[in-house]
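Engineer: As input, take protein-v5.csv (CSV, C-alpha atoms):
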chain,number,residue,atom,x,y,z
A,1,MET,CA,120.4,95.9,73.6
A,2,LYS,CA,122.4,93.6,71.4
A,3,ARG,CA,119.3,92.5,69.6
A,4,ALA,CA,117.8,96.0,69.4
A,5,LEU,CA,120.9,97.5,67.8
A,6,PRO,CA,120.8,95.6,64.4
A,7,LEU,CA,117.1,96.2,64.3
A,8,LEU,CA,117.6,99.9,64.9
A,9,LEU,CA,120.3,100.0,62.2
A,10,LEU,CA,118.0,98.2,59.8
A,11,MET,CA,115.3,100.7,60.5
A,12,VAL,CA,117.6,103.7,59.9
A,13,LEU,CA,118.9,102.1,56.7
A,14,SER,CA,115.4,101.4,55.4
A,15,MET,CA,114.3,104.9,56.3
A,16,SER,CA,117.2,106.6,54.5
A,17,THR,CA,116.7,104.3,51.5
A,18,PHE,CA,113.1,105.3,51.4
A,19,ALA,CA,113.9,109.0,51.8
A,20,SER,CA,116.5,109.0,49.0
A,21,SER,CA,114.4,107.0,46.5
A,22,LYS,CA,111.9,108.8,44.3
A,23,VAL,CA,108.3,108.4,45.0
A,24,GLN,CA,107.2,105.6,42.6
A,25,ASN,CA,103.6,105.2,43.7
A,26,TRP,CA,102.4,108.0,45.9
A,27,LYS,CA,99.4,106.0,47.1
A,28,ASP,CA,101.8,103.7,48.9
A,29,LEU,CA,102.8,106.5,51.2
A,30,PHE,CA,99.3,106.2,52.8
A,31,ALA,CA,99.5,102.5,53.6
A,32,GLY,CA,97.9,102.1,57.0
A,33,GLU,CA,97.7,105.8,57.6
A,34,PRO,CA,94.5,107.5,58.8
A,35,GLU,CA,94.9,110.0,56.0
A,36,SER,CA,94.1,107.2,53.5
A,37,LYS,CA,90.5,107.7,54.3
A,38,ALA,CA,90.6,110.7,52.0
A,39,LEU,CA,91.5,108.5,49.1
A,40,VAL,CA,88.1,107.6,48.0
A,41,ALA,CA,87.5,105.5,44.9
A,42,GLU,CA,88.2,108.2,42.3
A,43,MET,CA,91.4,109.6,43.8
A,44,PRO,CA,93.9,106.8,43.3
A,45,GLY,CA,93.4,107.3,39.5
A,46,LEU,CA,95.0,110.8,39.8
A,47,THR,CA,98.6,111.7,39.3
A,48,LEU,CA,100.6,113.0,42.3
A,49,GLU,CA,100.5,116.5,41.0
A,50,SER,CA,96.8,116.6,40.4
A,51,PHE,CA,96.2,115.1,43.8
A,52,MET,CA,98.3,117.8,45.4
A,53,GLU,CA,96.3,120.5,43.6
A,54,LEU,CA,92.9,118.9,44.3
A,55,THR,CA,90.4,121.1,46.0
A,56,PRO,CA,86.8,120.3,47.0
A,57,LYS,CA,85.7,122.4,44.0
A,58,LYS,CA,87.9,120.4,41.6
A,59,TYR,CA,86.7,117.2,43.2
A,60,GLU,CA,83.1,118.2,42.4
A,61,GLU,CA,84.0,119.0,38.8
A,62,LEU,CA,85.8,115.6,38.6
A,63,THR,CA,83.2,113.4,40.1
A,64,GLY,CA,80.0,115.4,40.1
A,65,GLN,CA,79.7,114.8,43.9
A,66,LYS,CA,80.0,117.5,46.6
A,67,MET,CA,82.7,117.0,49.1
A,68,GLY,CA,81.6,117.2,52.7
A,69,ILE,CA,83.3,119.2,55.4
A,70,ALA,CA,84.9,116.1,57.0
A,71,ASP,CA,86.2,114.9,53.6
A,72,ALA,CA,87.6,118.4,52.9
A,73,ILE,CA,89.5,118.3,56.2
A,74,ARG,CA,90.8,114.7,55.4
A,75,LEU,CA,91.9,115.8,52.0
A,76,LYS,CA,93.9,118.7,53.4
A,77,ALA,CA,95.4,116.4,56.0
A,78,ALA,CA,96.3,113.8,53.3
A,79,GLN,CA,98.0,116.5,51.1
A,80,LYS,CA,99.9,117.8,54.1
A,81,HIS,CA,101.0,114.3,55.0
A,82,LEU,CA,102.1,113.7,51.4
A,83,ARG,CA,104.0,117.0,51.2
A,84,LYS,CA,105.9,116.0,54.4
A,85,GLN,CA,106.8,112.6,53.0
A,86,MET,CA,108.1,114.2,49.8
A,87,GLU,CA,110.4,116.8,51.5
A,88,LYS,CA,113.9,116.6,50.2
A,89,PRO,CA,116.0,115.1,53.1
A,90,ASN,CA,119.3,114.8,51.2
A,91,ALA,CA,120.7,118.3,51.8
A,92,ASP,CA,124.1,118.6,53.4
A,93,ILE,CA,122.8,120.7,56.3
A,94,GLU,CA,119.5,120.6,58.1
A,95,LYS,CA,116.9,123.2,57.4
A,96,PRO,CA,116.8,124.7,60.9
A,97,VAL,CA,120.6,125.0,60.9
A,98,TYR,CA,120.3,126.8,57.5
A,99,ILE,CA,117.7,129.2,59.0
A,100,ILE,CA,119.8,129.9,62.1
A,101,LEU,CA,122.9,130.6,59.9
A,102,ALA,CA,120.8,132.9,57.8
A,103,ILE,CA,119.5,134.8,60.8
A,104,LEU,CA,123.0,135.1,62.2
A,105,GLY,CA,124.1,136.7,59.0
A,106,LEU,CA,126.1,133.6,57.9
A,107,GLY,CA,123.7,132.6,55.2
A,108,PHE,CA,126.5,132.6,52.7
A,109,VAL,CA,128.1,129.7,54.6
A,110,GLY,CA,124.9,127.6,54.3
A,111,ILE,CA,124.5,128.5,50.6
A,112,GLY,CA,128.2,127.8,50.0
A,113,ILE,CA,128.0,124.3,51.7
A,114,LEU,CA,124.9,123.4,49.8
A,115,ASP,CA,126.3,124.6,46.5
A,116,ASP,CA,129.8,123.1,47.2
A,117,TRP,CA,131.1,126.6,47.1
A,118,GLU,CA,130.3,126.7,43.4
A,119,GLY,CA,128.4,129.4,41.5
A,120,SER,CA,128.0,133.0,42.6
A,121,ASP,CA,125.1,132.7,45.0
A,122,TRP,CA,127.2,132.5,48.1
A,123,ILE,CA,129.3,135.5,47.0
A,124,ILE,CA,126.1,137.5,46.5
A,125,ALA,CA,124.9,136.4,50.0
A,126,LEU,CA,128.2,137.4,51.5
A,127,VAL,CA,128.2,140.8,49.8
A,128,LEU,CA,124.6,141.3,50.9
A,129,SER,CA,125.4,140.2,54.4
A,130,LEU,CA,128.1,142.8,54.6
A,131,LEU,CA,125.5,145.4,53.6
A,132,CYS,CA,124.2,145.7,57.1
A,133,TRP,CA,123.0,142.1,57.6
A,134,LEU,CA,119.4,142.3,56.6
A,135,PRO,CA,119.7,142.0,52.8
A,136,GLY,CA,121.9,138.9,53.3
A,137,VAL,CA,119.2,137.4,55.6
A,138,VAL,CA,116.5,138.0,53.1
A,139,TYR,CA,118.5,136.7,50.2
A,140,SER,CA,119.5,133.5,52.1
A,141,LEU,CA,115.9,132.8,53.1
A,142,VAL,CA,114.7,133.4,49.6
A,143,LYS,CA,117.4,131.0,48.2
A,144,MET,CA,116.4,128.4,50.8
A,145,LYS,CA,113.6,127.1,48.4
A,146,ASN,CA,116.3,125.8,46.0
A,147,TYR,CA,117.6,123.4,48.6
A,148,TYR,CA,114.7,122.3,50.7
B,1,MET,CA,86.2,169.1,59.5
B,2,LYS,CA,88.6,166.3,58.4
B,3,TRP,CA,88.6,165.5,54.7
B,4,TYR,CA,87.3,162.0,55.1
B,5,LEU,CA,84.3,163.1,57.2
B,6,GLN,CA,83.0,165.3,54.4
B,7,LYS,CA,79.8,164.3,52.8
B,8,PRO,CA,81.0,163.4,49.3
B,9,VAL,CA,83.8,161.2,50.7
B,10,GLN,CA,81.4,159.5,53.1
B,11,LEU,CA,78.9,158.9,50.2
B,12,ALA,CA,81.6,157.4,48.0
B,13,TRP,CA,82.6,155.2,51.0
B,14,MET,CA,79.1,154.1,51.6
B,15,ILE,CA,78.6,153.2,47.9
B,16,ALA,CA,81.8,151.3,47.9
B,17,LEU,CA,80.7,149.4,51.0
B,18,LEU,CA,77.4,148.5,49.6
B,19,VAL,CA,78.7,147.5,46.1
B,20,PHE,CA,81.7,145.5,47.4
B,21,PRO,CA,79.8,142.3,48.5
B,22,PHE,CA,77.9,142.2,45.2
B,23,VAL,CA,81.2,142.5,43.3
B,24,LEU,CA,82.5,139.5,45.2
B,25,TRP,CA,79.4,137.6,44.5
B,26,LEU,CA,79.7,138.3,40.8
B,27,LEU,CA,83.2,137.0,40.7
B,28,PRO,CA,83.6,133.2,40.7
B,29,SER,CA,84.3,131.6,44.0
B,30,THR,CA,87.6,130.2,42.6
B,31,PHE,CA,88.8,133.7,41.7
B,32,PHE,CA,91.7,133.7,44.2
B,33,ASP,CA,92.3,130.0,44.1
B,34,GLU,CA,94.7,129.9,41.1
B,35,SER,CA,96.9,132.8,42.3
B,36,GLU,CA,100.6,131.9,42.2
B,37,VAL,CA,101.7,134.9,44.2
B,38,ILE,CA,102.8,134.1,47.8
B,39,VAL,CA,102.5,137.2,50.0
B,40,CYS,CA,102.9,135.4,53.4
B,41,PRO,CA,106.5,135.6,54.6
B,42,SER,CA,106.0,132.4,56.6
B,43,ARG,CA,105.2,130.5,53.4
B,44,LEU,CA,107.7,132.4,51.3
B,45,PHE,CA,110.7,131.8,53.5
B,46,PHE,CA,110.0,128.7,55.5
B,47,ASP,CA,107.2,127.0,53.4
B,48,ILE,CA,105.1,126.7,56.6
B,49,GLU,CA,101.5,127.8,56.4
B,50,CYS,CA,100.5,130.3,59.1
B,51,PHE,CA,97.0,130.7,60.6
B,52,GLY,CA,96.2,133.4,58.0
B,53,CYS,CA,97.3,131.4,54.9
B,54,GLY,CA,94.3,130.7,52.7
B,55,MET,CA,92.1,133.1,54.5
B,56,THR,CA,91.3,135.2,51.4
B,57,ARG,CA,90.3,132.0,49.5
B,58,GLY,CA,88.4,130.7,52.5
B,59,VAL,CA,86.4,133.8,53.0
B,60,MET,CA,85.7,134.0,49.2
B,61,HIS,CA,84.3,130.5,49.4
B,62,MET,CA,82.3,131.3,52.5
B,63,HIS,CA,80.9,134.3,50.7
B,64,HIS,CA,79.6,131.9,48.0
B,65,ALA,CA,78.2,129.5,50.8
B,66,GLU,CA,80.8,126.8,50.0
B,67,VAL,CA,81.7,125.9,53.6
B,68,ALA,CA,83.7,122.7,52.8
B,69,ASP,CA,85.9,124.6,50.3
B,70,ALA,CA,86.3,127.4,52.9
B,71,ILE,CA,87.4,125.0,55.6
B,72,TYR,CA,89.7,123.3,53.2
B,73,PHE,CA,91.6,126.6,52.5
B,74,ASN,CA,91.5,127.8,56.1
B,75,PHE,CA,89.9,126.3,59.1
B,76,GLY,CA,89.3,129.7,60.7
B,77,SER,CA,87.3,131.1,57.7
B,78,PRO,CA,83.9,130.1,59.1
B,79,PHE,CA,84.7,132.2,62.2
B,80,VAL,CA,86.4,135.1,60.5
B,81,TYR,CA,83.6,135.5,57.9
B,82,PRO,CA,80.9,136.4,60.4
B,83,ALA,CA,83.3,138.8,62.1
B,84,LEU,CA,83.9,140.5,58.7
B,85,ILE,CA,80.2,140.8,58.2
B,86,ALA,CA,79.9,142.4,61.6
B,87,LEU,CA,82.7,144.8,60.7
B,88,TRP,CA,81.1,145.6,57.4
B,89,GLY,CA,77.8,146.3,59.2
B,90,PHE,CA,79.5,148.5,61.7
B,91,TRP,CA,81.1,150.5,58.9
B,92,VAL,CA,77.9,150.9,57.0
B,93,TYR,CA,76.2,152.1,60.2
B,94,LEU,CA,79.0,154.6,60.8
B,95,ALA,CA,78.9,155.9,57.3
B,96,GLY,CA,75.1,156.1,57.4
B,97,GLN,CA,75.3,158.1,60.7
B,98,ARG,CA,77.8,160.5,59.2
B,99,LEU,CA,75.5,161.0,56.2
B,100,GLY,CA,72.6,161.5,58.5
B,101,TRP,CA,70.6,158.7,57.0
B,102,TRP,CA,69.5,157.0,60.2
B,103,LYS,CA,68.1,160.3,61.6
B,104,GLY,CA,66.1,160.7,58.5
B,105,ILE,CA,64.7,157.2,58.7
B,106,ALA,CA,63.9,157.6,62.4
B,107,ARG,CA,62.2,160.9,61.7
B,108,LYS,CA,60.1,159.3,59.0
B,109,ALA,CA,59.2,156.4,61.3
B,110,ALA,CA,58.1,158.8,64.0
What would you get if you wrote out this structure as structure tokens?

Structural biologist:
Amino acid sequence: MKRALPLLLLMVLSMSTFASSKVQNWKDLFAGEPESKALVAEMPGLTLESFMELTPKKYEELTGQKMGIADAIRLKAAQKHLRKQMEKPNADIEKPVYIILAILGLGFVGIGILDDWEGSDWIIALVLSLLCWLPGVVYSLVKMKNYY
Amino acid sequence: MKWYLQKPVQLAWMIALLVFPFVLWLLPSTFFDESEVIVCPSRLFFDIECFGCGMTRGVMHMHHAEVADAIYFNFGSPFVYPALIALWGFWVYLAGQRLGWWKGIARKAA
């Protein structure tokens, strides 16, 4: 246990450092992952944005080769994997907590915390929540994209 | 008789049914791919793709015989597309029955 604790601490620290740093080389995110199979020779030359928007049709336009069904599935998996890796983890409150608050009609609390109670968004959410709950829920859920 | 069972309405419906697949074939297979509008509440609010997300794009690619593209957009599109064809066929059959076309064909065949 004594040996495992520093190791665990180091792991958590390295994970949080990785999460907070910007993605320098997006291909590195696939190191040793099965999704890396999708990264055929032409793909590492793409930028992150163009890789995320790549479809089998665009791949064909790019390389002149048709993408098979298995490759299309792998490409989709790779894009999903990358999207997960890039999710913003540095919000003050977790996404599920925010959603629960929104559903409970307390979306303005979530917005307020995430905005440090600055701006008018949380006031709008509060007013809309007072208007029979539902408008506040919708507003909070729509605003969620700004934070996560 | 209900208004939608009247002959002119059924004829218009039949024409629309018969023309619709050709209109889709005339449009490029990527017609719906570039759309920025998110209509799915699951994606809009939670950024999570539901089982129906990408189905329009998938079916459009299936309609152009691009199976890999269709599977890329939605894994269920190769299953939904035949079901849609069956539904389309059923509607054509119903419209034809209401117009009395099949009776005429059967009479001619006899």

Engineer: Distance cut-off 9 Å, counting only C-alpha atoms - which residues of chain B neighbour chain A? Return them as an MDAnalysis selection string.

Structural biologist: chainID B and resid 30 44:47 66:69 71:73 75

Engineer: By how many Å are atom CA of A:Trp122 and atom CA of B:Pro41 apart?

Structural biologist: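 Rounded to one decimal, the two atoms are 21.9 Å apart.
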
Engineer: What's the 6 Å shell around stretch 53-61 of chain B, counting all atoms listed in the file, without same-chain residues fewer than 3 positions away, as a PDB file with C-alpha atoms, in the coordinates of the input?

Structural biologist:
ATOM      1  CA  SER B  29      84.300 131.600  44.000  1.00  0.00           C
ATOM      2  CA  PHE B  32      91.700 133.700  44.200  1.00  0.00           C
ATOM      3  CA  GLU B  49     101.500 127.800  56.400  1.00  0.00           C
ATOM      4  CA  CYS B  50     100.500 130.300  59.100  1.00  0.00           C
ATOM      5  CA  HIS B  64      79.600 131.900  48.000  1.00  0.00           C
ATOM      6  CA  GLU B  66      80.800 126.800  50.000  1.00  0.00           C
ATOM      7  CA  ALA B  70      86.300 127.400  52.900  1.00  0.00           C
ATOM      8  CA  PHE B  73      91.600 126.600  52.500  1.00  0.00           C
ATOM      9  CA  ASN B  74      91.500 127.800  56.100  1.00  0.00           C
ATOM     10  CA  SER B  77      87.300 131.100  57.700  1.00  0.00           C
ATOM     11  CA  TYR B  81      83.600 135.500  57.900  1.00  0.00           C
TER      12      TYR B  81
END

Engineer: Would you compute the distance between atom CA of A:Pro135 and atom CA of A:Tyr147? Give it in Å to one decimal.

Structural biologist: 19.2 Å

Engineer: Looking at all atoms listed in the file, which of A:Val137, A:Asp92, A:Thr47, A:Tyr59 is the one that sits closest to A:Phe108?

Structural biologist: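 Going through A:Val137, A:Asp92, A:Thr47, A:Tyr59 one by one, the smallest distance to A:Phe108 is for A:Val137.
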
Engineer: Closest to B:His63 among B:Trp13, B:Trp25, B:Trp101, B:Phe20, using all atoms listed in the file?

Structural biologist: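 For B:His63, the nearest of the candidates is B:Trp25.
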
Engineer: Give me the residues near stretch 87-94 of chain B as a PyMOL selection string, where near means some atom within 12 Å (using all atoms listed in the file) and where sequence neighbours in that chain fewer than 6 positions away do not count.

Structural biologist: chain B and resi 5+10-21+80-81+100-103

Engineer: Just C-alpha atoms for this one: save the residues we selected as a compact mmCIF listing (two decimals), in the frame of the given file.

Structural biologist:
# COMPACT_ATOMS: atom_id res chain seq x y z
CA LEU B 5 84.30 163.10 57.20
CA GLN B 10 81.40 159.50 53.10
CA LEU B 11 78.90 158.90 50.20
CA ALA B 12 81.60 157.40 48.00
CA TRP B 13 82.60 155.20 51.00
CA MET B 14 79.10 154.10 51.60
CA ILE B 15 78.60 153.20 47.90
CA ALA B 16 81.80 151.30 47.90
CA LEU B 17 80.70 149.40 51.00
CA LEU B 18 77.40 148.50 49.60
CA VAL B 19 78.70 147.50 46.10
CA PHE B 20 81.70 145.50 47.40
CA PRO B 21 79.80 142.30 48.50
CA VAL B 80 86.40 135.10 60.50
CA TYR B 81 83.60 135.50 57.90
CA GLY B 100 72.60 161.50 58.50
CA TRP B 101 70.60 158.70 57.00
CA TRP B 102 69.50 157.00 60.20
CA LYS B 103 68.10 160.30 61.60

Engineer: Name the residues in contact with A:Asp121 at a cut-off of 12 Å, using all atoms listed in the file, excluding same-chain residues fewer than 2 positions from it; report them as an MDAnalysis selection string.

Structural biologist: chainID A and resid 107:119 123:128 136 139:140 142:144 146

Engineer: To one decimal place, how far is atom CA of A:Thr63 from atom CA of A:Gly45 in Å?

Structural biologist: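 It comes out at 11.9 Å.
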
Engineer: Taking the block just given, write stretch 71-142 of chain A to a file that holds C-alpha atoms, as a PDB file, in the first residue's frame.

Structural biologist:
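Written out: part-v9.pdb:
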ATOM      1  CA  ASP A  71     -12.041   1.001 -42.219  1.00  0.00           C
ATOM      2  CA  ALA A  72     -15.111   3.242 -42.029  1.00  0.00           C
ATOM      3  CA  ILE A  73     -16.017   1.691 -38.657  1.00  0.00           C
ATOM      4  CA  ARG A  74     -12.418   2.123 -37.455  1.00  0.00           C
ATOM      5  CA  LEU A  75     -12.375   5.745 -38.607  1.00  0.00           C
ATOM      6  CA  LYS A  76     -15.578   6.458 -36.683  1.00  0.00           C
ATOM      7  CA  ALA A  77     -14.142   4.745 -33.588  1.00  0.00           C
ATOM      8  CA  ALA A  78     -10.924   6.747 -33.891  1.00  0.00           C
ATOM      9  CA  GLN A  79     -12.836  10.028 -34.163  1.00  0.00           C
ATOM     10  CA  LYS A  80     -14.960   9.120 -31.138  1.00  0.00           C
ATOM     11  CA  HIS A  81     -11.841   8.203 -29.180  1.00  0.00           C
ATOM     12  CA  LEU A  82     -10.197  11.493 -30.090  1.00  0.00           C
ATOM     13  CA  ARG A  83     -13.319  13.485 -29.192  1.00  0.00           C
ATOM     14  CA  LYS A  84     -13.382  11.811 -25.777  1.00  0.00           C
ATOM     15  CA  GLN A  85      -9.714  12.623 -25.212  1.00  0.00           C
ATOM     16  CA  MET A  86     -10.294  16.255 -26.090  1.00  0.00           C
ATOM     17  CA  GLU A  87     -13.260  16.827 -23.793  1.00  0.00           C
ATOM     18  CA  LYS A  88     -12.737  19.799 -21.542  1.00  0.00           C
ATOM     19  CA  PRO A  89     -12.165  18.402 -18.057  1.00  0.00           C
ATOM     20  CA  ASN A  90     -11.313  21.647 -16.262  1.00  0.00           C
ATOM     21  CA  ALA A  91     -14.829  22.819 -15.387  1.00  0.00           C
ATOM     22  CA  ASP A  92     -15.632  23.592 -11.747  1.00  0.00           C
ATOM     23  CA  ILE A  93     -18.471  21.095 -11.622  1.00  0.00           C
ATOM     24  CA  GLU A  94     -18.868  17.790 -13.410  1.00  0.00           C
ATOM     25  CA  LYS A  95     -21.176  17.493 -16.401  1.00  0.00           C
ATOM     26  CA  PRO A  96     -23.629  15.021 -14.767  1.00  0.00           C
ATOM     27  CA  VAL A  97     -23.935  17.319 -11.739  1.00  0.00           C
ATOM     28  CA  TYR A  98     -24.676  20.233 -14.059  1.00  0.00           C
ATOM     29  CA  ILE A  99     -27.378  18.206 -15.857  1.00  0.00           C
ATOM     30  CA  ILE A 100     -28.965  17.121 -12.557  1.00  0.00           C
ATOM     31  CA  LEU A 101     -28.979  20.721 -11.341  1.00  0.00           C
ATOM     32  CA  ALA A 102     -30.566  21.824 -14.609  1.00  0.00           C
ATOM     33  CA  ILE A 103     -33.284  19.162 -14.372  1.00  0.00           C
ATOM     34  CA  LEU A 104     -33.992  20.095 -10.759  1.00  0.00           C
ATOM     35  CA  GLY A 105     -34.554  23.681 -11.868  1.00  0.00           C
ATOM     36  CA  LEU A 106     -31.296  24.831 -10.319  1.00  0.00           C
ATOM     37  CA  GLY A 107     -29.488  25.374 -13.599  1.00  0.00           C
ATOM     38  CA  PHE A 108     -28.719  28.943 -12.600  1.00  0.00           C
ATOM     39  CA  VAL A 109     -26.545  27.573  -9.770  1.00  0.00           C
ATOM     40  CA  GLY A 110     -24.484  25.560 -12.244  1.00  0.00           C
ATOM     41  CA  ILE A 111     -24.181  28.479 -14.661  1.00  0.00           C
ATOM     42  CA  GLY A 112     -23.343  30.820 -11.765  1.00  0.00           C
ATOM     43  CA  ILE A 113     -20.577  28.570 -10.451  1.00  0.00           C
ATOM     44  CA  LEU A 114     -19.083  28.030 -13.893  1.00  0.00           C
ATOM     45  CA  ASP A 115     -19.224  31.758 -14.701  1.00  0.00           C
ATOM     46  CA  ASP A 116     -18.034  32.752 -11.193  1.00  0.00           C
ATOM     47  CA  TRP A 117     -21.372  34.525 -10.798  1.00  0.00           C
ATOM     48  CA  GLU A 118     -20.360  37.015 -13.475  1.00  0.00           C
ATOM     49  CA  GLY A 119     -22.392  38.039 -16.509  1.00  0.00           C
ATOM     50  CA  SER A 120     -26.128  37.847 -16.927  1.00  0.00           C
ATOM     51  CA  ASP A 121     -26.514  34.199 -17.946  1.00  0.00           C
ATOM     52  CA  TRP A 122     -27.231  32.921 -14.461  1.00  0.00           C
ATOM     53  CA  ILE A 123     -29.795  35.705 -13.872  1.00  0.00           C
ATOM     54  CA  ILE A 124     -31.548  34.779 -17.128  1.00  0.00           C
ATOM     55  CA  ALA A 125     -31.500  31.121 -16.040  1.00  0.00           C
ATOM     56  CA  LEU A 126     -32.951  32.071 -12.658  1.00  0.00           C
ATOM     57  CA  VAL A 127     -35.733  34.161 -14.193  1.00  0.00           C
ATOM     58  CA  LEU A 128     -36.537  31.414 -16.698  1.00  0.00           C
ATOM     59  CA  SER A 129     -36.540  28.801 -13.907  1.00  0.00           C
ATOM     60  CA  LEU A 130     -39.060  30.899 -12.023  1.00  0.00           C
ATOM     61  CA  LEU A 131     -41.261  30.833 -15.135  1.00  0.00           C
ATOM     62  CA  CYS A 132     -42.566  27.341 -14.382  1.00  0.00           C
ATOM     63  CA  TRP A 133     -39.261  25.412 -14.421  1.00  0.00           C
ATOM     64  CA  LEU A 134     -39.155  24.213 -18.037  1.00  0.00           C
ATOM     65  CA  PRO A 135     -37.726  27.337 -19.752  1.00  0.00           C
ATOM     66  CA  GLY A 136     -34.931  27.370 -17.178  1.00  0.00           C
ATOM     67  CA  VAL A 137     -34.140  23.708 -17.827  1.00  0.00           C
ATOM     68  CA  VAL A 138     -33.987  24.261 -21.583  1.00  0.00           C
ATOM     69  CA  TYR A 139     -31.846  27.386 -21.206  1.00  0.00           C
ATOM     70  CA  SER A 140     -29.409  25.659 -18.842  1.00  0.00           C
ATOM     71  CA  LEU A 141     -29.057  22.673 -21.151  1.00  0.00           C
ATOM     72  CA  VAL A 142     -28.520  24.890 -24.179  1.00  0.00           C
TER      73      VAL A 142
END
